[in-house]
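Working notes, structure below.
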Amino acid sequence: MTASPAAAEKAVFAGGCFWCMEPGFDRLDGVSATIVGYTGGAAETANYDAVSSGKTGHVEAIEITYDPARVSYAQLLHVYWQNIDPFDPNGQFADKGSHYQTVIFYGTDAEKLAAENSKAAIEKEFGGKTAYTRIEPRQPFFAAEAYHQDYYQKNEGHYTRYKYGSGRVKRLEELWGADKH
């Protein structure tokens with residue numbers, strides 16, 4: 001069942017390689033769409049080559065369309081944290097650089113507060129360790145090129161090799177336990 005346009009809301013998270021962010025959110029009941037793309041930069045447009053240069057200020061991100069009557073923003077945050085390493089200031093797993101850093105982009109004061117509270121809870125859970133995930137106001141979102149959308153489904157073999165080869169699976173299991181991401 002898809003959320004009606006009137007009920008649908010959007011959430012935007014940056015968690016390193018955007019290919020790896022889609023599966024966890026696509027599995028959630030109440031999420032009607034995920035789009036990978038770029039946000040957070042000063043340039044008025046963004047594409048893979050420009051963002052990968054590290055000069056635009058954008059990060060790879062995911063925009064999630066969801067029905068808040070079926071899945072809460074807090075649940076989205078929970079899935080987000082389970083799919084990143086918040087303790088790496090330089091990117092995620094094998095992907096390093098400013099465009100792979102983790103950011104929660106909030107659209108309302110309530111989302112900002114929920115993000116801040118969830119970050120504080122993560123830091124407390126890990127004994128006061130600093131979570132480098134930034135919390136920033138939502139900015140224009142630019143959809144990535146078509147070949148990046150649903151990459152984990154369209155290129156399952158390559159995606160699986162990347163997911164394991166990058167160290168992603170091992171590190172997430174160390175942080176959150178097996179089968180959480």
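Just so we're on the same page: first chain in the structure tokens is A, next is B, and so on; residues restart at 1 for each chain, and ligands are numbered from 1 in the order they show up.
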Pick out each residue of stretch 90-152 of chain A that DSSP on the backbone tags as strand (DSSP E or B); I need them as a PyMOL selection string.
chain A and resi 91-92+95-96+102-106+134-137+141-143
Residues near A:Glu22, cut-off 8 Å, only C-alpha atoms, skip fewer than 6 positions along chain, as a list of chain:residue names
A:Thr34, A:Ile35, A:Val36, A:Ile62, A:Asp150, A:Tyr152
Near-A:Phe105 list (12 Å; only C-alpha atoms; drop same-chain fewer than 2 positions) as JSON, numbers by chain:
{"A": [10, 11, 12, 13, 14, 15, 38, 39, 40, 59, 61, 62, 63, 64, 77, 80, 102, 103, 107, 108, 109, 111, 112, 113, 114, 115, 116, 133, 134, 135, 136, 137, 138, 139, 140, 141]}
Pick from A:Ala69, A:Ala46, A:Ala8, A:Cys20 nearest to A:Gln82, counting only C-alpha atoms
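Closest candidate: A:Cys20.
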In terms of only C-alpha atoms, the residue from A:Gly54, A:Gly127, A:Gly30, A:Gly167 at minimal distance from A:Tyr100 is A:Gly54
From the list A:Val71, A:Pro86, A:Glu145, A:Gln92, which residue is nearest A:Ala120 when using only C-alpha atoms?
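When distances to A:Ala120 are compared using only C-alpha atoms, the smallest one comes from A:Pro86.
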Using DSSP on the backbone coordinates, identify all residues within stretch 12-127 of chain A classified as alpha helix (DSSP H); present the result as a PyMOL selection string.
chain A and resi 22-26+48-52+73-82+109-125
What separation in Å, quoted to one decimal, exists between atom CA of A:Thr130 and atom CA of A:Ile104?
15.5 Å
Just the residues within 9 Å of A:Ala94, please, counting only C-alpha atoms, with nothing from its chain fewer than 4 positions along; format it as an MDAnalysis selection string.
chainID A and resid 165:168
Just the selected residues (N, CA and C atoms), exported as a PDB file, in the first residue's frame, please.
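Okay, selection.pdb is ready:
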ATOM      1  N   GLY A 165      33.199  -6.120   0.284  1.00  0.00           N
ATOM      2  CA  GLY A 165      34.582  -5.729   0.020  1.00  0.00           C
ATOM      3  C   GLY A 165      34.972  -4.399   0.634  1.00  0.00           C
ATOM      4  N   SER A 166      34.007  -3.512   0.808  1.00  0.00           N
ATOM      5  CA  SER A 166      34.287  -2.191   1.379  1.00  0.00           C
ATOM      6  C   SER A 166      34.471  -2.247   2.896  1.00  0.00           C
ATOM      7  N   GLY A 167      34.150  -3.373   3.489  1.00  0.00           N
ATOM      8  CA  GLY A 167      34.210  -3.494   4.946  1.00  0.00           C
ATOM      9  C   GLY A 167      32.925  -3.063   5.636  1.00  0.00           C
ATOM     10  N   ARG A 168      31.933  -2.692   4.860  1.00  0.00           N
ATOM     11  CA  ARG A 168      30.663  -2.207   5.391  1.00  0.00           C
ATOM     12  C   ARG A 168      29.992  -3.241   6.300  1.00  0.00           C
TER      13      ARG A 168
END
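Among the candidates A:Ala144, A:Leu76, A:Met21, A:Ile84, the residue lying nearest to A:His58 is A:Ala144 (atoms considered: only C-alpha atoms).
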Find the residues near A:Asp85: any atom within 8 Å, counting only C-alpha atoms, skip ones fewer than 4 places away on the same chain, and give them as a ChimeraX atom specification.
/A:81,92-93,171-172,175
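When only C-alpha atoms are used to measure the gap to A:Trp176, the shortest distance among A:Lys129, A:His148, A:Val79, A:Pro89 belongs to A:Val79.
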Enter the distance from atom CA of A:Gln149 to atom CA of A:Val51, in Å, rounded to one decimal.
16.2 Å
